[in-house]
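Participant: my_file-v5.txt (compact mmCIF, C-alpha atoms (C1' of nucleotides)) pasted underneath:
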# COMPACT_ATOMS: atom_id res chain seq x y z
CA MET A 1 78.84 65.36 162.55
CA THR A 2 82.46 65.23 163.02
CA ALA A 3 83.44 64.37 166.45
CA VAL A 4 85.58 67.34 166.34
CA THR A 5 88.72 66.48 167.83
CA HIS A 6 89.24 69.97 168.21
CA PRO A 7 92.66 71.23 167.83
CA GLY A 8 92.13 73.70 170.47
CA ALA A 9 90.66 76.96 169.64
CA ALA A 10 93.94 78.40 168.75
CA PRO A 11 94.08 78.71 165.04
CA THR A 12 97.61 77.66 164.86
CA SER A 13 99.35 75.18 166.95
CA ALA A 14 102.38 77.24 167.34
CA GLY A 15 103.83 80.61 167.03
CA GLU A 16 102.39 83.90 167.69
CA ASP A 17 99.19 82.76 166.27
CA ALA A 18 97.71 86.11 165.61
CA ARG A 19 94.55 84.86 164.10
CA GLU A 20 94.78 85.26 160.52
CA GLY A 21 91.15 85.44 159.89
CA LEU A 22 88.16 87.33 161.08
CA GLY A 23 84.87 86.09 162.44
CA ILE A 24 81.58 86.82 160.76
CA ALA A 25 80.68 89.66 163.12
CA GLU A 26 83.95 91.42 162.44
CA VAL A 27 83.53 91.10 158.72
CA ALA A 28 80.03 92.43 159.07
CA ALA A 29 81.35 95.43 160.96
CA ILE A 30 84.03 96.07 158.38
CA THR A 31 81.97 95.63 155.26
CA GLY A 32 78.60 96.81 156.43
CA VAL A 33 77.01 93.57 155.32
CA THR A 34 75.03 91.83 158.03
CA PRO A 35 75.99 88.34 159.19
CA HIS A 36 72.66 87.12 157.86
CA THR A 37 73.49 88.45 154.44
CA LEU A 38 77.02 87.12 154.55
CA ARG A 39 75.63 83.65 155.20
CA TYR A 40 73.07 84.18 152.48
CA TYR A 41 75.77 85.10 149.97
CA GLU A 42 77.57 81.95 150.87
CA ARG A 43 74.47 79.83 150.53
CA ILE A 44 73.82 81.06 147.04
CA GLY A 45 77.37 80.36 146.02
CA LEU A 46 78.87 83.83 145.84
CA LEU A 47 81.42 82.99 148.43
CA SER A 48 83.10 80.07 150.06
CA VAL A 49 84.50 80.61 153.51
CA PRO A 50 86.67 78.18 155.44
CA ARG A 51 85.73 77.12 158.96
CA ASP A 52 87.63 76.70 162.16
CA ALA A 53 87.60 73.52 164.16
CA ALA A 54 84.29 74.45 165.72
CA GLY A 55 82.67 75.02 162.35
CA ARG A 56 82.74 78.80 162.52
CA ARG A 57 83.52 80.88 159.49
CA ILE A 58 86.97 82.38 159.30
CA TYR A 59 87.33 85.11 156.72
CA GLY A 60 90.75 85.73 155.25
CA GLN A 61 91.78 88.71 153.20
CA ALA A 62 90.67 87.06 149.97
CA GLU A 63 87.17 86.44 151.28
CA ILE A 64 86.90 89.96 152.63
CA ASN A 65 88.02 91.38 149.32
CA ARG A 66 85.40 89.35 147.58
CA VAL A 67 82.70 90.58 149.93
CA VAL A 68 83.76 94.14 149.28
CA PHE A 69 83.65 93.57 145.56
CA ILE A 70 80.22 91.99 145.85
CA THR A 71 78.99 95.04 147.69
CA ARG A 72 80.27 97.24 144.91
CA LEU A 73 78.47 95.19 142.33
CA ARG A 74 75.29 95.20 144.38
CA LEU A 75 75.65 98.92 144.94
CA THR A 76 75.52 99.33 141.20
CA ALA A 77 72.40 97.16 141.13
CA MET A 78 73.99 94.20 139.42
CA PRO A 79 71.49 91.36 139.76
CA ILE A 80 72.49 88.52 142.05
CA ARG A 81 72.21 86.14 139.13
CA ASP A 82 74.86 88.03 137.22
CA ILE A 83 77.14 88.15 140.22
CA GLN A 84 76.70 84.42 140.53
CA ALA A 85 77.64 83.99 136.89
CA TYR A 86 80.73 86.11 137.37
CA PHE A 87 82.00 84.26 140.40
CA ARG A 88 81.19 80.93 138.84
CA LEU A 89 83.75 81.88 136.23
CA VAL A 90 86.19 83.07 138.82
CA ASP A 91 85.85 79.84 140.75
CA GLU A 92 86.45 77.80 137.64
CA GLY A 93 89.98 79.07 137.76
CA PRO A 94 92.19 80.67 135.18
CA GLY A 95 91.48 80.49 131.50
CA ASN A 96 88.26 82.43 131.23
CA GLU A 97 89.42 85.91 132.09
CA ASP A 98 88.08 87.22 128.82
CA GLU A 99 84.60 86.03 129.72
CA ARG A 100 84.83 87.64 133.12
CA LEU A 101 86.00 90.85 131.58
CA ALA A 102 83.14 90.74 129.14
CA LEU A 103 80.69 90.46 132.02
CA LEU A 104 82.31 93.33 133.86
CA GLU A 105 82.39 95.48 130.77
CA ALA A 106 78.76 94.77 130.03
CA HIS A 107 77.93 95.74 133.56
CA ARG A 108 80.05 98.86 133.32
CA ASP A 109 78.04 99.87 130.27
CA THR A 110 74.81 99.20 132.10
CA VAL A 111 75.93 101.37 134.98
CA LYS A 112 76.97 104.16 132.66
CA ALA A 113 73.60 104.03 130.95
CA ARG A 114 71.90 104.07 134.31
CA ILE A 115 73.86 107.14 135.35
CA THR A 116 72.87 108.89 132.15
CA GLU A 117 69.25 107.95 132.74
CA LEU A 118 69.40 109.22 136.29
CA GLU A 119 70.97 112.48 135.21
CA SER A 120 68.29 113.00 132.65
CA ALA A 121 65.47 112.35 135.08
CA LEU A 122 67.26 114.48 137.63
CA GLY A 123 67.29 117.32 135.13
CA ALA A 124 63.56 117.01 134.68
CA ILE A 125 63.00 117.03 138.40
CA GLU A 126 65.23 120.04 138.87
CA PHE A 127 63.39 121.85 136.14
CA LYS A 128 60.15 121.10 137.89
CA ILE A 129 61.54 122.37 141.16
CA ALA A 130 62.80 125.53 139.53
CA THR A 131 59.51 126.30 137.84
CA TYR A 132 57.31 124.88 140.48
CA GLY A 133 53.66 125.26 139.87
CA GLY A 134 52.43 122.03 141.32
CA SER A 135 50.94 120.66 138.17
CA CYS A 136 52.49 117.80 136.30
CA ALA A 137 53.04 119.72 133.14
CA PRO A 138 56.34 119.00 131.50
CA MET B 1 48.50 102.26 115.57
CA THR B 2 45.11 102.10 114.18
CA ALA B 3 42.03 103.91 114.52
CA VAL B 4 41.66 102.96 118.03
CA THR B 5 38.79 101.52 119.69
CA HIS B 6 37.79 104.50 121.16
CA PRO B 7 36.44 105.50 124.19
CA GLY B 8 34.98 108.67 123.31
CA ALA B 9 33.84 107.87 119.92
CA ALA B 10 34.11 109.74 116.80
CA PRO B 11 32.35 112.91 116.05
CA THR B 12 29.10 111.40 115.09
CA SER B 13 27.48 114.68 115.09
CA ALA B 14 28.79 118.12 115.39
CA GLY B 15 32.48 118.17 115.98
CA GLU B 16 32.36 119.67 119.34
CA ASP B 17 34.31 118.10 122.01
CA ALA B 18 35.60 115.14 120.15
CA ARG B 19 37.45 112.73 122.27
CA GLU B 20 39.23 114.76 124.64
CA GLY B 21 40.92 111.80 126.19
CA LEU B 22 42.72 108.59 125.53
CA GLY B 23 41.96 105.02 126.47
CA ILE B 24 44.17 103.00 128.73
CA ALA B 25 45.84 101.12 125.88
CA GLU B 26 46.80 104.35 124.19
CA VAL B 27 48.24 105.78 127.34
CA ALA B 28 50.16 102.57 127.84
CA ALA B 29 51.59 102.89 124.35
CA ILE B 30 52.54 106.50 124.88
CA THR B 31 54.04 106.21 128.32
CA GLY B 32 55.45 102.72 128.21
CA VAL B 33 53.54 101.81 131.35
CA THR B 34 51.42 98.71 130.99
CA PRO B 35 47.64 98.90 131.47
CA HIS B 36 48.05 96.61 134.46
CA THR B 37 50.43 99.03 136.04
CA LEU B 38 48.30 102.03 135.19
CA ARG B 39 45.39 100.40 137.00
CA TYR B 40 47.71 99.52 139.86
CA TYR B 41 48.85 103.11 140.20
CA GLU B 42 45.28 104.17 140.36
CA ARG B 43 44.42 101.57 142.96
CA ILE B 44 47.16 102.76 145.25
CA GLY B 45 46.05 106.33 144.90
CA LEU B 46 48.71 107.83 142.67
CA LEU B 47 46.20 108.75 140.09
CA SER B 48 42.54 109.36 139.64
CA VAL B 49 41.16 108.90 136.17
CA PRO B 50 37.65 109.83 135.06
CA ARG B 51 35.47 107.25 133.32
CA ASP B 52 33.22 107.33 130.33
CA ALA B 53 29.61 106.25 130.44
CA ALA B 54 30.64 102.61 130.16
CA GLY B 55 33.01 102.88 133.06
CA ARG B 56 36.18 102.94 130.99
CA ARG B 57 39.10 105.15 131.93
CA ILE B 58 39.54 108.29 129.90
CA TYR B 59 42.93 109.91 130.32
CA GLY B 60 43.17 113.62 129.70
CA GLN B 61 46.34 115.61 129.32
CA ALA B 62 46.59 116.18 133.05
CA GLU B 63 46.44 112.47 133.80
CA ILE B 64 48.96 111.65 131.12
CA ASN B 65 51.31 114.28 132.45
CA ARG B 66 50.99 112.80 135.86
CA VAL B 67 51.77 109.33 134.59
CA VAL B 68 54.84 110.66 132.85
CA PHE B 69 55.95 112.39 136.00
CA ILE B 70 55.38 109.22 138.00
CA THR B 71 57.57 107.30 135.57
CA ARG B 72 60.30 109.86 136.06
CA LEU B 73 60.11 109.50 139.78
CA ARG B 74 60.10 105.72 139.53
CA LEU B 75 62.99 105.87 137.11
CA THR B 76 64.95 107.62 139.80
CA ALA B 77 63.94 104.88 142.23
CA MET B 78 61.69 107.02 144.35
CA PRO B 79 59.73 104.61 146.54
CA ILE B 80 56.05 104.27 145.80
CA ARG B 81 55.30 105.41 149.36
CA ASP B 82 57.04 108.69 148.74
CA ILE B 83 55.27 109.21 145.46
CA GLN B 84 52.03 108.58 147.28
CA ALA B 85 52.97 111.16 149.88
CA TYR B 86 53.76 113.68 147.17
CA PHE B 87 50.52 113.24 145.29
CA ARG B 88 48.54 113.21 148.47
CA LEU B 89 49.77 116.76 148.92
CA VAL B 90 49.05 117.63 145.33
CA ASP B 91 45.53 116.30 145.63
CA GLU B 92 44.94 118.30 148.77
CA GLY B 93 45.04 121.34 146.56
CA PRO B 94 46.91 124.59 146.80
CA GLY B 95 48.50 125.79 149.97
CA ASN B 96 51.14 123.16 150.55
CA GLU B 97 53.47 123.85 147.67
CA ASP B 98 56.36 124.33 150.05
CA GLU B 99 55.88 120.84 151.42
CA ARG B 100 55.77 119.39 147.94
CA LEU B 101 58.88 121.24 147.00
CA ALA B 102 60.59 119.96 150.11
CA LEU B 103 59.78 116.40 149.07
CA LEU B 104 61.06 116.97 145.57
CA GLU B 105 64.20 118.63 146.81
CA ALA B 106 64.85 115.81 149.23
CA HIS B 107 64.42 113.38 146.40
CA ARG B 108 66.68 115.41 144.16
CA ASP B 109 69.38 115.21 146.81
CA THR B 110 68.86 111.48 147.09
CA VAL B 111 69.24 111.08 143.36
CA LYS B 112 72.36 113.21 143.31
CA ALA B 113 73.84 111.12 146.07
CA ARG B 114 72.92 107.98 144.21
CA ILE B 115 74.63 109.26 141.08
CA THR B 116 77.75 110.02 143.06
CA GLU B 117 77.65 106.57 144.59
CA LEU B 118 77.23 104.97 141.21
CA GLU B 119 80.09 106.95 139.75
CA SER B 120 82.31 105.93 142.58
CA ALA B 121 81.50 102.24 142.25
CA LEU B 122 81.81 102.58 138.49
CA GLY B 123 85.29 103.95 138.98
CA ALA B 124 86.21 100.93 141.05
CA ILE B 125 84.83 98.58 138.43
CA GLU B 126 86.64 100.36 135.67
CA PHE B 127 89.84 100.18 137.63
CA LYS B 128 89.34 96.49 138.04
CA ILE B 129 88.72 96.09 134.34
CA ALA B 130 91.80 98.09 133.50
CA THR B 131 94.06 96.11 135.79
CA TYR B 132 92.32 92.84 135.43
CA GLY B 133 93.86 89.99 137.28
CA GLY B 134 90.78 88.12 138.30
CA SER B 135 91.26 88.38 141.99
CA CYS B 136 89.17 90.59 144.17
CA ALA B 137 92.01 92.69 145.33
CA PRO B 138 91.14 96.34 145.62
C1' DC C 1 20.43 88.03 116.92
C1' DC C 2 25.26 86.41 118.52
C1' DT C 3 30.21 87.05 118.69
C1' DT C 4 34.20 89.54 119.53
C1' DG C 5 37.35 92.04 122.04
C1' DA C 6 38.82 95.77 124.87
C1' DC C 7 37.79 97.11 129.08
C1' DC C 8 36.23 96.61 134.09
C1' DT C 9 36.91 94.71 139.22
C1' DG C 10 38.96 92.45 143.40
C1' DG C 11 42.29 89.54 144.59
C1' DA C 12 46.00 86.21 144.08
C1' DG C 13 50.76 85.30 142.59
C1' DC C 14 55.58 86.26 141.53
C1' DG C 15 60.66 87.45 141.50
C1' DC C 16 64.02 89.72 143.99
C1' DG C 17 66.99 90.33 147.85
C1' DC C 18 67.30 89.99 151.83
C1' DT C 19 65.84 89.10 156.94
C1' DC C 20 64.45 86.49 160.53
C1' DT C 21 63.20 82.17 163.31
C1' DA C 22 64.03 77.85 165.60
C1' DA C 23 66.77 74.54 167.38
C1' DG C 24 71.24 73.28 168.51
C1' DC C 25 76.50 73.35 169.35
C1' DC C 26 80.67 75.35 171.40
C1' DG C 27 84.01 77.81 174.31
C1' DT C 28 84.61 80.90 178.08
C1' DA C 29 83.43 83.00 182.73
C1' DC C 30 81.76 82.28 187.02
C1' DG D 1 79.39 72.17 187.04
C1' DT D 2 76.17 75.82 184.85
C1' DA D 3 75.03 79.88 182.36
C1' DC D 4 75.80 82.75 178.64
C1' DG D 5 76.54 84.66 174.32
C1' DG D 6 77.93 83.97 169.69
C1' DC D 7 78.10 80.97 166.26
C1' DT D 8 75.90 77.02 163.21
C1' DT D 9 72.00 75.12 160.08
C1' DA D 10 67.69 74.68 157.15
C1' DG D 11 63.91 76.90 156.15
C1' DA D 12 60.16 80.31 156.54
C1' DG D 13 58.71 85.15 156.05
C1' DC D 14 58.71 89.86 154.36
C1' DG D 15 58.44 94.27 151.64
C1' DC D 16 58.49 95.96 147.20
C1' DG D 17 56.59 96.66 142.74
C1' DC D 18 54.47 94.93 139.77
C1' DT D 19 51.88 91.14 136.94
C1' DC D 20 48.38 88.22 136.08
C1' DC D 21 43.86 85.73 136.64
C1' DA D 22 38.80 84.93 136.80
C1' DG D 23 34.70 86.47 135.89
C1' DG D 24 31.84 90.09 134.26
C1' DT D 25 30.08 94.31 131.41
C1' DC D 26 29.54 96.88 127.37
C1' DA D 27 29.54 98.66 122.38
C1' DA D 28 30.38 97.65 117.83
C1' DG D 29 30.38 94.45 113.70
C1' DG D 30 28.50 90.68 110.86
As structure tokens, how would this structure be written, given the file I've shared?
Facilitator:
Amino acid sequence: MTAVTHPGAAPTSAGEDAREGLGIAEVAAITGVTPHTLRYYERIGLLSVPRDAAGRRIYGQAEINRVVFITRLRLTAMPIRDIQAYFRLVDEGPGNEDERLALLEAHRDTVKARITELESALGAIEFKIATYGGSCAP
Amino acid sequence: MTAVTHPGAAPTSAGEDAREGLGIAEVAAITGVTPHTLRYYERIGLLSVPRDAAGRRIYGQAEINRVVFITRLRLTAMPIRDIQAYFRLVDEGPGNEDERLALLEAHRDTVKARITELESALGAIEFKIATYGGSCAP
DNA sequence: CCTTGACCTGGAGCGCGCTCTAAGCCGTAC
DNA sequence: GTACGGCTTAGAGCGCGCTCCAGGTCAAGG
């Protein structure tokens, strides 16, 4: 691999340097996504994270925002495949915003339907609790 | 559906006690749970279904009700383990209704929390749709 | 009679989304 | 220098909830 002529660990050669990126452990702490999973997301193409001279991931604000958005989509049970499709569009650059929107809107509808479904089943369960007899009668 | 291949058979003689139960395919059609899955549920102890003389499952109203209730619990993403725990109590007979209720109430709370979570993430997604720029900014 | 087809059983296989292992590199502290 | 801890990689493994397969039995129909 690269002989790494390492520009010193300092991210910037000059100035106050304040690292402008976070390491994987910090991002994990912030987002609640484990380092393992962060690497996994990257492997499957959801994310692309730049490296420092030593090959370590450095997350900038854009990457962190994307991770947060991914967690929201996952939280709503969007399949990984669909998230991949969405970010494939994003990574293709401008010009397909309507397609992206269509994906998001379709997902929004799915989530709404899921909420409705949950509320309905919840109602049934609450009814059963209220009238509890132990049997499975409706 | 047609005249069914019946477990149970038609009233060949006096009409007493005609088929008081349904075959697995009928239950699958009614509940939307495949025969494979119905057998699976039985294997893992969620259900116990009587057999006819030939060894075929005959589902009575009680069994069907239980299947329906299981589907409601699954629909709300209750883990199979928890459903097993619940029906273990049920099958132990009367005397532990408070424990069963506790399980159901805990699950109800989980579902409510899940709905809240979904609504929150949905709000974020809708905001993103409304202000769409393509980036992952919050 | 033989064929058909729905059912039976135990067990293997699958898709998903992680989650972990193994082996190795790198920078800092002692 | 050496040890250490955190990072890197490719790849294997896991838990869940089904889903399917092979091989067999049985009752009805021609």
Participant: Wanna dump the chain A-chain B contacts at 6 Å for me, each residue with its shortest atom pair and the distance in Å to one decimal, counting only C-alpha atoms, ordered by chain and number, as CSV?
Facilitator:
residue,atom,partner,partner_atom,distance
A:Asn65,CA,B:Cys136,CA,5.3
A:Arg66,CA,B:Cys136,CA,5.2
A:Arg72,CA,B:Ala121,CA,5.8
A:Thr76,CA,B:Leu118,CA,5.9
A:Leu118,CA,B:Thr76,CA,5.9
A:Ala121,CA,B:Arg72,CA,5.8
A:Cys136,CA,B:Arg66,CA,5.2
A:Ala137,CA,B:Asn65,CA,5.8
Participant: Relative to chain B, what is the Cα RMSD of chain A after a least-squares superposition using every Cα atom paired in order?
Facilitator: 5.3 Å
Participant: Starting from chain B, keep only residues with some atom at most 9 Å from an atom of chain D, counting only C-alpha atoms (C1' of nucleotides), and report them as a list of chain:residue names.
Facilitator: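 Here is what falls inside 9 Å: B:His36, B:Thr37, B:Tyr40, B:Ala54, B:Gly55, B:Pro79, B:Ile80.
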Participant: Could you check how far atom CA of Ile24 of chain A sits from atom CA of Glu92 of chain A, in Å to one decimal?
Facilitator: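 Atom CA of Glu92 of chain A lies at a distance of 25.3 Å from atom CA of Ile24 of chain A.
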Participant: Got a sec to pull out which chain C residues are within 9 Å of chain B, counting all atoms listed in the file, and send them as an NGL selection string?
Facilitator: :C and (6-8)
Participant: Please, what distance in Å, to one decimal, runs between atom CA of Gln84 of chain A and atom CA of Leu103 of chain A?
Facilitator: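 These atoms are spaced 11.2 Å apart.
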Participant: Between atom CA of Arg39 of chain A and atom CA of Ala106 of chain A, what distance in Å does the model show, to one decimal?
Facilitator: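 Atom-to-atom, atom CA of Arg39 of chain A to atom CA of Ala106 of chain A, that is 27.7 Å.
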Participant: Which of these residues is nearest to Gly21 of chain A, using only C-alpha atoms: A:Thr110, A:Gly60, A:Ile83, A:Phe127?
Facilitator: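 The answer is A:Gly60, which sits nearest to Gly21 of chain A.
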